[in-house]
Every structure is written in C-alpha cells, then in structure tokens.
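S.K.: Enclosed is the structure file run_9.cif (mmCIF, C-alpha atoms).
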data_start
loop_
_atom_site.group_PDB
_atom_site.id
_atom_site.type_symbol
_atom_site.label_atom_id
_atom_site.label_comp_id
_atom_site.auth_asym_id
_atom_site.auth_seq_id
_atom_site.Cartn_x
_atom_site.Cartn_y
_atom_site.Cartn_z
ATOM 1 C CA MET A 1 -40.647 -40.296 -24.912
ATOM 2 C CA LEU A 2 -44.079 -41.265 -23.565
ATOM 3 C CA LEU A 3 -44.318 -43.622 -20.592
ATOM 4 C CA ASP A 4 -47.373 -45.270 -19.071
ATOM 5 C CA ASP A 5 -47.710 -47.126 -15.768
ATOM 6 C CA GLY A 6 -46.655 -50.466 -17.207
ATOM 7 C CA GLN A 7 -43.483 -49.068 -18.741
ATOM 8 C CA ILE A 8 -42.543 -47.217 -15.564
ATOM 9 C CA SER A 9 -43.078 -50.350 -13.465
ATOM 10 C CA ALA A 10 -40.898 -52.352 -15.834
ATOM 11 C CA ARG A 11 -38.067 -49.817 -16.167
ATOM 12 C CA LEU A 12 -37.754 -48.277 -12.712
ATOM 13 C CA THR A 13 -35.894 -50.286 -10.081
ATOM 14 C CA PRO A 14 -36.205 -49.390 -6.392
ATOM 15 C CA GLN A 15 -32.441 -48.944 -6.145
ATOM 16 C CA ALA A 16 -32.441 -46.386 -8.963
ATOM 17 C CA ALA A 17 -35.508 -44.617 -7.583
ATOM 18 C CA VAL A 18 -34.043 -44.293 -4.074
ATOM 19 C CA ALA A 19 -30.725 -43.035 -5.452
ATOM 20 C CA ALA A 20 -32.500 -40.453 -7.627
ATOM 21 C CA MET A 21 -34.625 -39.207 -4.735
ATOM 22 C CA ARG A 22 -31.643 -38.946 -2.400
ATOM 23 C CA GLN A 23 -29.967 -36.772 -5.024
ATOM 24 C CA ALA A 24 -33.089 -34.667 -5.556
ATOM 25 C CA ILE A 25 -33.567 -34.083 -1.818
ATOM 26 C CA ALA A 26 -29.928 -33.081 -1.417
ATOM 27 C CA ASP A 27 -30.149 -30.848 -4.492
ATOM 28 C CA ALA A 28 -33.211 -29.085 -3.081
ATOM 29 C CA GLU A 29 -31.393 -28.444 0.183
ATOM 30 C CA ARG A 30 -28.424 -26.941 -1.686
ATOM 31 C CA GLY A 31 -30.653 -24.829 -3.910
ATOM 32 C CA VAL A 32 -29.748 -26.767 -7.050
ATOM 33 C CA LEU A 33 -33.283 -28.136 -7.435
ATOM 34 C CA ALA A 34 -35.992 -25.471 -7.443
ATOM 35 C CA ALA A 35 -38.924 -27.049 -5.575
ATOM 36 C CA PRO A 36 -41.647 -24.559 -4.545
ATOM 37 C CA ALA A 37 -44.803 -25.594 -2.704
ATOM 38 C CA ARG A 38 -47.628 -26.934 -4.868
ATOM 39 C CA VAL A 39 -50.239 -24.601 -6.310
ATOM 40 C CA ALA A 40 -53.905 -25.271 -7.004
ATOM 41 C CA SER A 41 -56.542 -23.792 -9.287
ATOM 42 C CA ASP A 42 -60.119 -23.951 -8.024
ATOM 43 C CA LEU A 43 -62.356 -25.004 -10.930
ATOM 44 C CA GLY A 44 -65.646 -25.131 -9.078
ATOM 45 C CA GLN A 45 -66.357 -28.844 -8.715
ATOM 46 C CA GLY A 46 -62.715 -29.674 -8.107
ATOM 47 C CA ARG A 47 -59.178 -28.407 -8.300
ATOM 48 C CA LEU A 48 -56.302 -28.827 -10.735
ATOM 49 C CA ILE A 49 -53.050 -29.067 -8.788
ATOM 50 C CA PHE A 50 -49.515 -28.474 -10.018
ATOM 51 C CA THR A 51 -46.102 -29.195 -8.573
ATOM 52 C CA THR A 52 -43.153 -27.794 -10.451
ATOM 53 C CA GLY A 53 -39.401 -28.198 -10.404
ATOM 54 C CA ALA A 54 -36.256 -27.239 -12.256
ATOM 55 C CA ARG A 55 -32.581 -28.095 -12.318
ATOM 56 C CA ALA A 56 -30.865 -25.057 -13.802
ATOM 57 C CA GLY A 57 -29.031 -25.762 -17.021
ATOM 58 C CA GLU A 58 -30.628 -29.188 -17.446
ATOM 59 C CA TRP A 59 -34.418 -29.394 -17.277
ATOM 60 C CA PHE A 60 -37.660 -27.977 -15.924
ATOM 61 C CA GLY A 61 -41.136 -29.464 -15.687
ATOM 62 C CA TYR A 62 -44.296 -30.115 -13.759
ATOM 63 C CA ARG A 63 -46.763 -32.675 -12.469
ATOM 64 C CA SER A 64 -50.507 -32.070 -12.666
ATOM 65 C CA TYR A 65 -53.381 -33.941 -11.045
ATOM 66 C CA ASP A 66 -57.000 -33.251 -10.176
ATOM 67 C CA THR A 67 -59.470 -33.656 -7.330
ATOM 68 C CA PHE A 68 -62.549 -34.243 -9.506
ATOM 69 C CA GLY A 69 -64.617 -37.218 -8.407
ATOM 70 C CA ALA A 70 -63.853 -39.984 -5.938
ATOM 71 C CA ASP A 71 -61.205 -41.465 -8.238
ATOM 72 C CA PRO A 72 -59.094 -38.643 -9.693
ATOM 73 C CA GLY A 73 -57.787 -39.062 -13.198
ATOM 74 C CA ALA A 74 -54.291 -40.020 -14.195
ATOM 75 C CA GLN A 75 -51.445 -37.725 -13.280
ATOM 76 C CA VAL A 76 -49.340 -36.111 -15.998
ATOM 77 C CA VAL A 77 -45.640 -35.428 -15.518
ATOM 78 C CA ALA A 78 -43.711 -33.518 -18.162
ATOM 79 C CA VAL A 79 -40.015 -32.662 -18.361
ATOM 80 C CA HIS A 80 -38.584 -30.059 -20.769
ATOM 81 C CA ASP A 81 -35.054 -29.401 -21.929
ATOM 82 C CA TRP A 82 -33.689 -26.329 -20.122
ATOM 83 C CA HIS A 83 -32.046 -24.785 -23.171
ATOM 84 C CA THR A 84 -34.574 -25.457 -25.932
ATOM 85 C CA GLY A 85 -37.824 -25.776 -24.008
ATOM 86 C CA LEU A 86 -38.642 -28.897 -25.991
ATOM 87 C CA LEU A 87 -40.407 -31.763 -24.260
ATOM 88 C CA LYS A 88 -38.026 -34.563 -23.318
ATOM 89 C CA ALA A 89 -40.564 -36.964 -21.794
ATOM 90 C CA ILE A 90 -44.144 -37.325 -20.570
ATOM 91 C CA ALA A 91 -45.446 -39.844 -18.047
ATOM 92 C CA VAL A 92 -49.169 -40.522 -17.744
ATOM 93 C CA GLY A 93 -50.682 -42.550 -14.923
ATOM 94 C CA HIS A 94 -50.084 -43.097 -11.225
ATOM 95 C CA GLU A 95 -46.965 -45.259 -10.931
ATOM 96 C CA LEU A 96 -44.344 -42.539 -11.285
ATOM 97 C CA GLY A 97 -45.868 -40.563 -8.411
ATOM 98 C CA ARG A 98 -46.352 -43.612 -6.210
ATOM 99 C CA ARG A 99 -42.835 -44.895 -6.728
ATOM 100 C CA ARG A 100 -41.353 -41.442 -6.239
ATOM 101 C CA THR A 101 -43.151 -41.229 -2.879
ATOM 102 C CA GLY A 102 -42.023 -44.740 -2.015
ATOM 103 C CA ALA A 103 -38.435 -43.865 -2.881
ATOM 104 C CA ILE A 104 -38.512 -40.720 -0.723
ATOM 105 C CA GLY A 105 -39.746 -42.921 2.104
ATOM 106 C CA GLY A 106 -36.875 -45.307 1.402
ATOM 107 C CA VAL A 107 -34.400 -42.424 1.699
ATOM 108 C CA ALA A 108 -36.005 -41.355 4.991
ATOM 109 C CA VAL A 109 -35.682 -44.865 6.439
ATOM 110 C CA ASP A 110 -32.087 -45.133 5.262
ATOM 111 C CA VAL A 111 -31.172 -41.774 6.808
ATOM 112 C CA LEU A 112 -33.211 -41.920 10.033
ATOM 113 C CA ALA A 113 -33.807 -45.550 11.036
ATOM 114 C CA ARG A 114 -31.221 -47.516 12.989
ATOM 115 C CA PRO A 115 -28.730 -49.311 10.725
ATOM 116 C CA ASP A 116 -29.819 -52.667 12.168
ATOM 117 C CA ALA A 117 -33.556 -52.014 11.703
ATOM 118 C CA ALA A 118 -35.081 -55.273 10.461
ATOM 119 C CA GLU A 119 -38.711 -55.497 11.629
ATOM 120 C CA LEU A 120 -41.191 -53.405 9.652
ATOM 121 C CA ALA A 121 -44.830 -52.638 10.447
ATOM 122 C CA LEU A 122 -47.153 -51.345 7.745
ATOM 123 C CA ILE A 123 -50.467 -49.748 8.693
ATOM 124 C CA GLY A 124 -52.361 -49.670 5.424
ATOM 125 C CA THR A 125 -52.361 -52.002 2.425
ATOM 126 C CA GLY A 126 -52.935 -49.674 -0.513
ATOM 127 C CA ASN A 127 -50.691 -48.583 -3.353
ATOM 128 C CA GLN A 128 -48.727 -46.174 -1.191
ATOM 129 C CA ALA A 129 -47.991 -48.880 1.367
ATOM 130 C CA TRP A 130 -46.750 -51.150 -1.409
ATOM 131 C CA ALA A 131 -44.482 -48.460 -2.868
ATOM 132 C CA GLN A 132 -42.950 -47.882 0.556
ATOM 133 C CA LEU A 133 -42.202 -51.566 1.024
ATOM 134 C CA TRP A 134 -40.816 -51.742 -2.530
ATOM 135 C CA ALA A 135 -38.282 -49.032 -1.658
ATOM 136 C CA VAL A 136 -37.565 -49.789 2.003
ATOM 137 C CA SER A 137 -36.746 -53.415 1.224
ATOM 138 C CA THR A 138 -33.708 -52.149 -0.711
ATOM 139 C CA VAL A 139 -32.238 -50.006 2.103
ATOM 140 C CA ARG A 140 -32.673 -52.412 5.023
ATOM 141 C CA ALA A 141 -32.398 -56.206 5.278
ATOM 142 C CA LEU A 142 -35.938 -56.895 6.455
ATOM 143 C CA ALA A 143 -36.310 -59.968 8.634
ATOM 144 C CA GLY A 144 -40.064 -59.600 8.867
ATOM 145 C CA VAL A 145 -42.982 -57.417 7.833
ATOM 146 C CA ARG A 146 -46.269 -57.223 9.723
ATOM 147 C CA VAL A 147 -49.237 -55.729 7.892
ATOM 148 C CA TRP A 148 -52.493 -54.390 9.225
ATOM 149 C CA SER A 149 -55.520 -52.760 7.645
ATOM 150 C CA ARG A 150 -59.231 -52.911 8.389
ATOM 151 C CA ASP A 151 -59.865 -55.501 5.660
ATOM 152 C CA ALA A 152 -58.547 -58.960 6.537
ATOM 153 C CA GLY A 153 -58.543 -60.086 2.924
ATOM 154 C CA ARG A 154 -56.468 -57.108 1.815
ATOM 155 C CA ARG A 155 -53.834 -57.557 4.492
ATOM 156 C CA GLU A 156 -53.542 -61.275 3.764
ATOM 157 C CA GLY A 157 -53.249 -60.582 0.034
ATOM 158 C CA PHE A 158 -50.653 -57.866 0.652
ATOM 159 C CA ALA A 159 -48.542 -60.237 2.749
ATOM 160 C CA ARG A 160 -48.664 -62.930 0.058
ATOM 161 C CA ARG A 161 -47.685 -60.431 -2.624
ATOM 162 C CA ALA A 162 -44.767 -59.143 -0.535
ATOM 163 C CA GLU A 163 -43.357 -62.647 -0.244
ATOM 164 C CA ALA A 164 -43.965 -63.530 -3.883
ATOM 165 C CA GLU A 165 -42.690 -60.332 -5.519
ATOM 166 C CA LEU A 166 -40.159 -58.929 -3.053
ATOM 167 C CA GLY A 167 -39.018 -62.075 -1.271
ATOM 168 C CA VAL A 168 -39.657 -60.649 2.206
ATOM 169 C CA ARG A 169 -41.241 -62.628 5.000
ATOM 170 C CA ALA A 170 -44.595 -60.959 5.641
ATOM 171 C CA SER A 171 -47.638 -61.753 7.743
ATOM 172 C CA PRO A 172 -51.016 -60.131 8.444
ATOM 173 C CA ALA A 173 -51.361 -58.745 11.971
ATOM 174 C CA ARG A 174 -54.449 -59.111 14.141
ATOM 175 C CA SER A 175 -54.456 -55.418 15.063
ATOM 176 C CA ALA A 176 -52.526 -52.229 14.513
ATOM 177 C CA GLN A 177 -51.014 -52.622 17.975
ATOM 178 C CA ASP A 178 -49.832 -56.151 17.188
ATOM 179 C CA ALA A 179 -48.271 -54.920 13.960
ATOM 180 C CA VAL A 180 -46.420 -52.059 15.651
ATOM 181 C CA HIS A 181 -45.238 -54.032 18.701
ATOM 182 C CA ALA A 182 -41.421 -54.271 18.726
ATOM 183 C CA ALA A 183 -41.155 -52.918 15.160
ATOM 184 C CA ASP A 184 -37.991 -51.046 14.187
ATOM 185 C CA VAL A 185 -39.766 -49.137 11.406
ATOM 186 C CA VAL A 186 -43.469 -48.222 11.294
ATOM 187 C CA ILE A 187 -45.065 -46.856 8.136
ATOM 188 C CA LEU A 188 -48.487 -45.219 8.279
ATOM 189 C CA ALA A 189 -50.099 -45.277 4.842
ATOM 190 C CA THR A 190 -53.784 -44.701 5.486
ATOM 191 C CA SER A 191 -56.532 -42.285 4.545
ATOM 192 C CA SER A 192 -57.661 -42.040 8.172
ATOM 193 C CA PRO A 193 -58.732 -38.600 9.437
ATOM 194 C CA VAL A 194 -57.948 -39.688 13.024
ATOM 195 C CA PRO A 195 -54.793 -41.152 14.620
ATOM 196 C CA VAL A 196 -54.263 -44.838 13.836
ATOM 197 C CA LEU A 197 -51.743 -45.649 16.559
ATOM 198 C CA ASP A 198 -51.008 -44.927 20.196
ATOM 199 C CA PRO A 199 -47.428 -43.693 20.603
ATOM 200 C CA SER A 200 -47.090 -45.867 23.709
ATOM 201 C CA TRP A 201 -47.118 -48.888 21.373
ATOM 202 C CA LEU A 202 -43.806 -47.854 19.824
ATOM 203 C CA ALA A 203 -40.552 -49.456 20.871
ATOM 204 C CA ASP A 204 -37.649 -47.242 21.811
ATOM 205 C CA GLY A 205 -35.491 -46.567 18.761
ATOM 206 C CA CYS A 206 -38.369 -46.929 16.309
ATOM 207 C CA HIS A 207 -38.602 -44.868 13.136
ATOM 208 C CA VAL A 208 -42.074 -43.786 11.947
ATOM 209 C CA THR A 209 -43.042 -42.530 8.497
ATOM 210 C CA SER A 210 -46.436 -40.888 7.924
ATOM 211 C CA LEU A 211 -47.848 -40.742 4.388
ATOM 212 C CA GLY A 212 -51.542 -40.129 4.968
ATOM 213 C CA PRO A 213 -53.561 -37.067 6.007
ATOM 214 C CA LYS A 214 -51.625 -34.702 8.245
ATOM 215 C CA GLN A 215 -53.636 -31.509 8.471
ATOM 216 C CA ARG A 216 -55.183 -29.962 11.524
ATOM 217 C CA GLY A 217 -58.500 -31.709 12.185
ATOM 218 C CA ARG A 218 -57.696 -34.490 9.718
ATOM 219 C CA ALA A 219 -54.551 -36.498 10.392
ATOM 220 C CA GLU A 220 -53.509 -40.123 10.746
ATOM 221 C CA PHE A 221 -51.294 -39.184 13.713
ATOM 222 C CA GLY A 222 -51.660 -36.714 16.544
ATOM 223 C CA THR A 223 -49.374 -34.381 18.423
ATOM 224 C CA ALA A 224 -48.794 -37.146 20.987
ATOM 225 C CA LEU A 225 -46.618 -38.898 18.393
ATOM 226 C CA ALA A 226 -44.559 -35.725 17.975
ATOM 227 C CA ASP A 227 -44.260 -35.584 21.788
ATOM 228 C CA ARG A 228 -42.720 -39.062 21.684
ATOM 229 C CA ALA A 229 -40.363 -38.350 18.778
ATOM 230 C CA ALA A 230 -36.927 -36.914 19.475
ATOM 231 C CA VAL A 231 -36.426 -36.002 15.813
ATOM 232 C CA LEU A 232 -39.084 -34.532 13.488
ATOM 233 C CA VAL A 233 -38.294 -34.459 9.768
ATOM 234 C CA THR A 234 -40.096 -33.669 6.508
ATOM 235 C CA ASP A 235 -39.122 -33.701 2.854
ATOM 236 C CA SER A 236 -40.400 -30.152 2.246
ATOM 237 C CA LEU A 237 -40.579 -27.438 4.883
ATOM 238 C CA ALA A 238 -42.124 -25.129 2.279
ATOM 239 C CA GLN A 239 -45.002 -27.552 1.704
ATOM 240 C CA ALA A 240 -45.493 -28.201 5.422
ATOM 241 C CA HIS A 241 -45.918 -24.456 5.976
ATOM 242 C CA ALA A 242 -48.194 -24.072 2.930
ATOM 243 C CA TYR A 243 -50.881 -26.588 3.940
ATOM 244 C CA ARG A 244 -54.459 -25.278 3.991
ATOM 245 C CA PRO A 245 -55.963 -26.335 6.403
ATOM 246 C CA PRO A 246 -52.710 -26.016 8.359
ATOM 247 C CA PHE A 247 -50.238 -28.832 8.952
ATOM 248 C CA VAL A 248 -51.104 -30.909 12.016
ATOM 249 C CA LEU A 249 -48.088 -29.579 13.947
ATOM 250 C CA ASP A 250 -48.672 -25.949 12.949
ATOM 251 C CA GLY A 251 -49.346 -23.781 16.006
ATOM 252 C CA THR A 252 -47.582 -26.230 18.341
ATOM 253 C CA PRO A 253 -44.043 -26.073 19.755
ATOM 254 C CA HIS A 254 -43.201 -29.013 17.491
ATOM 255 C CA MET A 255 -43.360 -26.910 14.324
ATOM 256 C CA GLY A 256 -40.146 -25.197 15.302
ATOM 257 C CA ARG A 257 -38.466 -28.591 15.729
ATOM 258 C CA LEU A 258 -39.328 -29.735 12.203
ATOM 259 C CA ILE A 259 -36.239 -30.056 9.992
ATOM 260 C CA SER A 260 -35.757 -31.014 6.357
ATOM 261 C CA LEU A 261 -34.540 -34.429 5.296
ATOM 262 C CA GLY A 262 -32.133 -32.662 2.973
ATOM 263 C CA SER A 263 -30.487 -30.864 5.899
ATOM 264 C CA VAL A 264 -29.803 -34.225 7.543
ATOM 265 C CA ILE A 265 -28.406 -35.701 4.318
ATOM 266 C CA GLU A 266 -26.175 -32.658 3.809
ATOM 267 C CA GLY A 267 -24.992 -32.638 7.432
ATOM 268 C CA ALA A 268 -26.503 -29.259 8.234
ATOM 269 C CA ALA A 269 -28.769 -30.733 10.941
ATOM 270 C CA PRO A 270 -28.482 -33.832 13.115
ATOM 271 C CA GLY A 271 -30.840 -36.718 12.532
ATOM 272 C CA ARG A 272 -30.812 -39.680 14.877
ATOM 273 C CA THR A 273 -28.084 -39.208 17.496
ATOM 274 C CA ASP A 274 -28.962 -42.115 19.773
ATOM 275 C CA PRO A 275 -30.191 -45.654 18.995
ATOM 276 C CA GLY A 276 -32.994 -45.275 21.535
ATOM 277 C CA GLN A 277 -34.557 -42.214 19.915
ATOM 278 C CA VAL A 278 -37.899 -42.338 18.129
ATOM 279 C CA THR A 279 -37.784 -40.502 14.792
ATOM 280 C CA LEU A 280 -40.757 -39.257 12.770
ATOM 281 C CA PHE A 281 -40.738 -38.479 9.044
ATOM 282 C CA CYS A 282 -43.700 -36.564 7.639
ATOM 283 C CA SER A 283 -43.877 -37.150 3.898
ATOM 284 C CA VAL A 284 -45.564 -34.106 2.352
ATOM 285 C CA GLY A 285 -44.313 -34.321 -1.241
ATOM 286 C CA LEU A 286 -41.179 -32.440 -2.229
ATOM 287 C CA ALA A 287 -42.036 -30.684 -5.489
ATOM 288 C CA GLY A 288 -39.904 -31.370 -8.526
ATOM 289 C CA THR A 289 -39.071 -34.919 -7.498
ATOM 290 C CA GLU A 290 -41.435 -36.532 -10.020
ATOM 291 C CA VAL A 291 -39.877 -34.429 -12.768
ATOM 292 C CA HIS A 292 -36.405 -35.370 -11.517
ATOM 293 C CA LEU A 293 -37.317 -39.062 -11.668
ATOM 294 C CA LEU A 294 -38.775 -38.738 -15.171
ATOM 295 C CA ALA A 295 -35.632 -36.871 -16.297
ATOM 296 C CA GLU A 296 -33.571 -39.795 -14.982
ATOM 297 C CA LEU A 297 -35.688 -42.264 -16.956
ATOM 298 C CA ALA A 298 -35.419 -40.122 -20.080
ATOM 299 C CA GLY A 299 -31.659 -40.007 -19.635
ATOM 300 C CA GLN A 300 -31.497 -43.804 -19.386
ATOM 301 C CA GLU A 301 -33.374 -44.055 -22.676
ATOM 302 C CA VAL A 302 -30.885 -41.735 -24.351
ATOM 303 C CA ASP A 303 -27.948 -43.694 -22.937
#
I need this file expressed as structure tokens, please.
M.R.:
Amino acid sequence: MLLDDGQISARLTPQAAVAAMRQAIADAERGVLAAPARVASDLGQGRLIFTTGARAGEWFGYRSYDTFGADPGAQVVAVHDWHTGLLKAIAVGHELGRRRTGAIGGVAVDVLARPDAAELALIGTGNQAWAQLWAVSTVRALAGVRVWSRDAGRREGFARRAEAELGVRASPARSAQDAVHAADVVILATSSPVPVLDPSWLADGCHVTSLGPKQRGRAEFGTALADRAAVLVTDSLAQAHAYRPPFVLDGTPHMGRLISLGSVIEGAAPGRTDPGQVTLFCSVGLAGTEVHLLAELAGQEVD
C-alpha cells in the first residue's frame, strides 16, 4: 500500500486522526507503544532524521526526513508487520506528518482546554496552523477563529479557507494581541526564533499550544509564558530532554513541572483542575505516532 499526500488528505478524517493519536499517546504512556526520541545522522551539508516506533505483536516502523536545503524533501513513513517484517504500507509526502501533528494538538485541546472553549486564536497561517484547526474544530464547537500572521494576504486567505472548507467563522486579526484577546484557545504555529506573544494578553482559563521553535535561544515563546501557566504538558518527555540545543525550559524550575499528555489521559497526573488556570502544551513530536497513523490507514484498507 503506497499513499501520497492526495490520498492521505482524501482518506484521513480529523475524527479518525484524533482518535488514533489519543490511543497512541495513551499507549506510549503505558509502555505499549515504543517511542524513543528521534535520532539524526550528520551528512555534512544536512542531516537525515529518523523517528521510530513499534507496537509489540502488531507492527514496527519509522519516519525519515532531511534538513538539506531550504525546502526539505518529502518525508517517508514505513510500517512493517511485526511477525513477518514485510512492509504493510509506505506514505510519501508531508500530509501524514502534518495531520498527525494536528491530531496530537486536537487531543491536547480536548484534554486540557475548558469544555466550553469556543474562541480560538491562531498565530501563524502555514500548513501546521491549518492542520491544528482541522483537528481542533472536531473536539470543540468553535464559535469564532481569529487569525494573525505577518502577511495580511495570507491571514485573509486562511480565514476564507477555514469558512469554506471547515464551516467555522473565521476572521483576520489586526495584530497578534487582537487575535489572542479573550481567546479560550491560542495556537502558536510560527517559525519565529523570538516570543510572538506577551503572556499578559492571555485571558484567565486560556489553553496555549506551541508548535514552533522551542529551544534555548530560539523559541516562539519564553519562560514568562511558563510562569503564567499552571499546567505544563508535552507529548514526549523523552524528546523534550533530548533537544540539542536544549529545550527552552531546560535549566529552569519549570522543567520539573513538565508532565506528559499521556499521564493526564491515563489519570496518572492532573491536568486542568480549575477553569481559571492557563495551560500550556509543548508539541515536540511523539515518535511512532506517524507509523501508528499509517498502520491505522493500512488497517482500514484491509477492512
């Protein structure tokens, strides 16, 4: 089974993707899904990066991608049968990875945001921002979406697309502060090496997801946001500790407060305990989740 971006977009619903990622995150917490931190091979002018995963007795596989050039080539995800080692499916392109990340963000919002969260702010208008909206719109009844990025044309086009394809009421914001004001959920999906919001802009009870850079000296949010957040969560503690340069919270008291999303799902750690709390989810990329999602798609084909 060979899937390209068009086939993945056509076959994968946000509901199925969110459900699969919730299962994968819970499985990783329980030790059912093996999900080690990513590894990289330095090839001189760039790196070849691998994330791997396995569900014992069912499948194992990997995702590979590169850092060559300004526009890295297509990612490859492969899933093998556990017992025979034979390839079950291959996905080539970017959509599987984007939608997997979007679905993990959807799980985070569902687990950490207030149940009545309805106003969403998106900082960023790229593919990752779209994948987040695609998933989040299935876990919360969004009354409105405000979008901001540096390019007015992109934010206006994003808002029109959101209404046309997802049926959500969306509008371009005049500034990042205007977008964030009174939002119940804020998603940061930028490539900015410096913080893109002031934590004082956030309303009490807001949930924030960060997708962009989050390493020391290059991060779309600063430690002031962690100061404001009562709950700090990530999808992979192993990956957060493996960052080089270090994770933005590494070396601060906040690192000891960081808990896994899986521990909240499984009830081993509390998430939001008060509607007025600010929660922060740092999406770092739980390994094995792309393979899990491809295995789900391969299983649908067999069924």
S.K.: Spell out the residues picked by the PyMOL selection byres ((chain A and resi 19) around 12) here, as number ranges by chain.
M.R.: A: 12-18, 20-26, 100, 102-108, 110, 135, 138-139, 289, 292-293, 296
S.K.: The PyMOL selection byres ((chain A and resi 247-250) around 12) - which residues does that actually catch in the file I just gave you? List them as number ranges by chain.
M.R.: A: 193-195, 210, 212-227, 232-234, 236-246, 251-258, 282-284
S.K.: May I ask which of the residues A:Gly46, A:Gly85, A:Gly97, A:Gly57 is the closest one to Gly69 of chain A, counting all atoms listed in the file?
M.R.: A:Gly46
S.K.: A:Ile90, A:Ala269, A:Val291, A:Leu133: which is nearest Phe50 of chain A, counting all atoms listed in the file?
M.R.: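 Between A:Ile90, A:Ala269, A:Val291, A:Leu133, the residue approaching Phe50 of chain A most closely is A:Val291.
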S.K.: Hey, what comes out of the PyMOL selection byres ((chain A and resi 179) around 7) on this file? Could you write it as a PyMOL selection string?
M.R.: chain A and resi 121+146-148+173+175-178+180-181
S.K.: Find the nearest atom pair between each residue of segment 43-156 of chain A and segment 8-11 of chain A for residues within 10 Å, count only C-alpha atoms, give distances in Å to one decimal, sort rows by chain and ascending number, and present the table as a Markdown table.
M.R.:
| residue | atom | partner | partner_atom | distance |
| --- | --- | --- | --- | --- |
| A:Ala91 | CA | A:Ile8 | CA | 8.3 |
| A:Val92 | CA | A:Ile8 | CA | 9.7 |
| A:Gly93 | CA | A:Ile8 | CA | 9.4 |
| A:His94 | CA | A:Ile8 | CA | 9.6 |
| A:Glu95 | CA | A:Ile8 | CA | 6.7 |
| A:Leu96 | CA | A:Ile8 | CA | 6.6 |
| A:Arg99 | CA | A:Ser9 | CA | 8.7 |
S.K.: Please identify all polymer residues lying at most 12 Å from the point (-52.3, -57.9, 0.6) (file coordinates), using only C-alpha atoms, and present the result as an mmCIF file with C-alpha atoms, keeping the file's coordinate frame.
M.R.:
data_model
loop_
_atom_site.group_PDB
_atom_site.id
_atom_site.type_symbol
_atom_site.label_atom_id
_atom_site.label_comp_id
_atom_site.auth_asym_id
_atom_site.auth_seq_id
_atom_site.Cartn_x
_atom_site.Cartn_y
_atom_site.Cartn_z
ATOM 1 C CA LEU A 122 -47.153 -51.345 7.745
ATOM 2 C CA ILE A 123 -50.467 -49.748 8.693
ATOM 3 C CA GLY A 124 -52.361 -49.670 5.424
ATOM 4 C CA THR A 125 -52.361 -52.002 2.425
ATOM 5 C CA GLY A 126 -52.935 -49.674 -0.513
ATOM 6 C CA ASN A 127 -50.691 -48.583 -3.353
ATOM 7 C CA ALA A 129 -47.991 -48.880 1.367
ATOM 8 C CA TRP A 130 -46.750 -51.150 -1.409
ATOM 9 C CA LEU A 133 -42.202 -51.566 1.024
ATOM 10 C CA VAL A 145 -42.982 -57.417 7.833
ATOM 11 C CA ARG A 146 -46.269 -57.223 9.723
ATOM 12 C CA VAL A 147 -49.237 -55.729 7.892
ATOM 13 C CA TRP A 148 -52.493 -54.390 9.225
ATOM 14 C CA SER A 149 -55.520 -52.760 7.645
ATOM 15 C CA ARG A 150 -59.231 -52.911 8.389
ATOM 16 C CA ASP A 151 -59.865 -55.501 5.660
ATOM 17 C CA ALA A 152 -58.547 -58.960 6.537
ATOM 18 C CA GLY A 153 -58.543 -60.086 2.924
ATOM 19 C CA ARG A 154 -56.468 -57.108 1.815
ATOM 20 C CA ARG A 155 -53.834 -57.557 4.492
ATOM 21 C CA GLU A 156 -53.542 -61.275 3.764
ATOM 22 C CA GLY A 157 -53.249 -60.582 0.034
ATOM 23 C CA PHE A 158 -50.653 -57.866 0.652
ATOM 24 C CA ALA A 159 -48.542 -60.237 2.749
ATOM 25 C CA ARG A 160 -48.664 -62.930 0.058
ATOM 26 C CA ARG A 161 -47.685 -60.431 -2.624
ATOM 27 C CA ALA A 162 -44.767 -59.143 -0.535
ATOM 28 C CA GLU A 163 -43.357 -62.647 -0.244
ATOM 29 C CA ALA A 164 -43.965 -63.530 -3.883
ATOM 30 C CA GLU A 165 -42.690 -60.332 -5.519
ATOM 31 C CA ALA A 170 -44.595 -60.959 5.641
ATOM 32 C CA SER A 171 -47.638 -61.753 7.743
ATOM 33 C CA PRO A 172 -51.016 -60.131 8.444
ATOM 34 C CA ALA A 173 -51.361 -58.745 11.971
#
S.K.: Leaving out segment 274-277 of chain A and any residue of its chain fewer than 3 positions from it, which residues lie within 12 Å of it when counting only C-alpha atoms, given as number ranges by chain?
M.R.: A: 112-117, 184, 202-208, 227-232, 270-271, 280
S.K.: Write out, as an mmCIF file, in the coordinates of the input, the residues just selected, with C-alpha atoms.
M.R.:
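Generated output (part05.cif):
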data_model
loop_
_atom_site.group_PDB
_atom_site.id
_atom_site.type_symbol
_atom_site.label_atom_id
_atom_site.label_comp_id
_atom_site.auth_asym_id
_atom_site.auth_seq_id
_atom_site.Cartn_x
_atom_site.Cartn_y
_atom_site.Cartn_z
ATOM 1 C CA LEU A 112 -33.211 -41.920 10.033
ATOM 2 C CA ALA A 113 -33.807 -45.550 11.036
ATOM 3 C CA ARG A 114 -31.221 -47.516 12.989
ATOM 4 C CA PRO A 115 -28.730 -49.311 10.725
ATOM 5 C CA ASP A 116 -29.819 -52.667 12.168
ATOM 6 C CA ALA A 117 -33.556 -52.014 11.703
ATOM 7 C CA ASP A 184 -37.991 -51.046 14.187
ATOM 8 C CA LEU A 202 -43.806 -47.854 19.824
ATOM 9 C CA ALA A 203 -40.552 -49.456 20.871
ATOM 10 C CA ASP A 204 -37.649 -47.242 21.811
ATOM 11 C CA GLY A 205 -35.491 -46.567 18.761
ATOM 12 C CA CYS A 206 -38.369 -46.929 16.309
ATOM 13 C CA HIS A 207 -38.602 -44.868 13.136
ATOM 14 C CA VAL A 208 -42.074 -43.786 11.947
ATOM 15 C CA ASP A 227 -44.260 -35.584 21.788
ATOM 16 C CA ARG A 228 -42.720 -39.062 21.684
ATOM 17 C CA ALA A 229 -40.363 -38.350 18.778
ATOM 18 C CA ALA A 230 -36.927 -36.914 19.475
ATOM 19 C CA VAL A 231 -36.426 -36.002 15.813
ATOM 20 C CA LEU A 232 -39.084 -34.532 13.488
ATOM 21 C CA PRO A 270 -28.482 -33.832 13.115
ATOM 22 C CA GLY A 271 -30.840 -36.718 12.532
ATOM 23 C CA LEU A 280 -40.757 -39.257 12.770
#
S.K.: To one decimal in Å, tell me the separation between atom CA of Leu33 of chain A and atom CA of Tyr65 of chain A.
M.R.: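 Answer for the atom CA of Leu33 of chain A to atom CA of Tyr65 of chain A separation: 21.2 Å.
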S.K.: To one decimal place in Å, what is the distance between atom CA of Leu211 of chain A and atom CA of Ala182 of chain A?
M.R.: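 Separating atom CA of Leu211 of chain A from atom CA of Ala182 of chain A is a distance of 20.7 Å.
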S.K.: Enter the distance from atom CA of Ser200 of chain A to atom CA of Val278 of chain A, in Å, rounded to one decimal.
M.R.: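 So the two atoms, atom CA of Ser200 of chain A and atom CA of Val278 of chain A, lie 11.3 Å apart.
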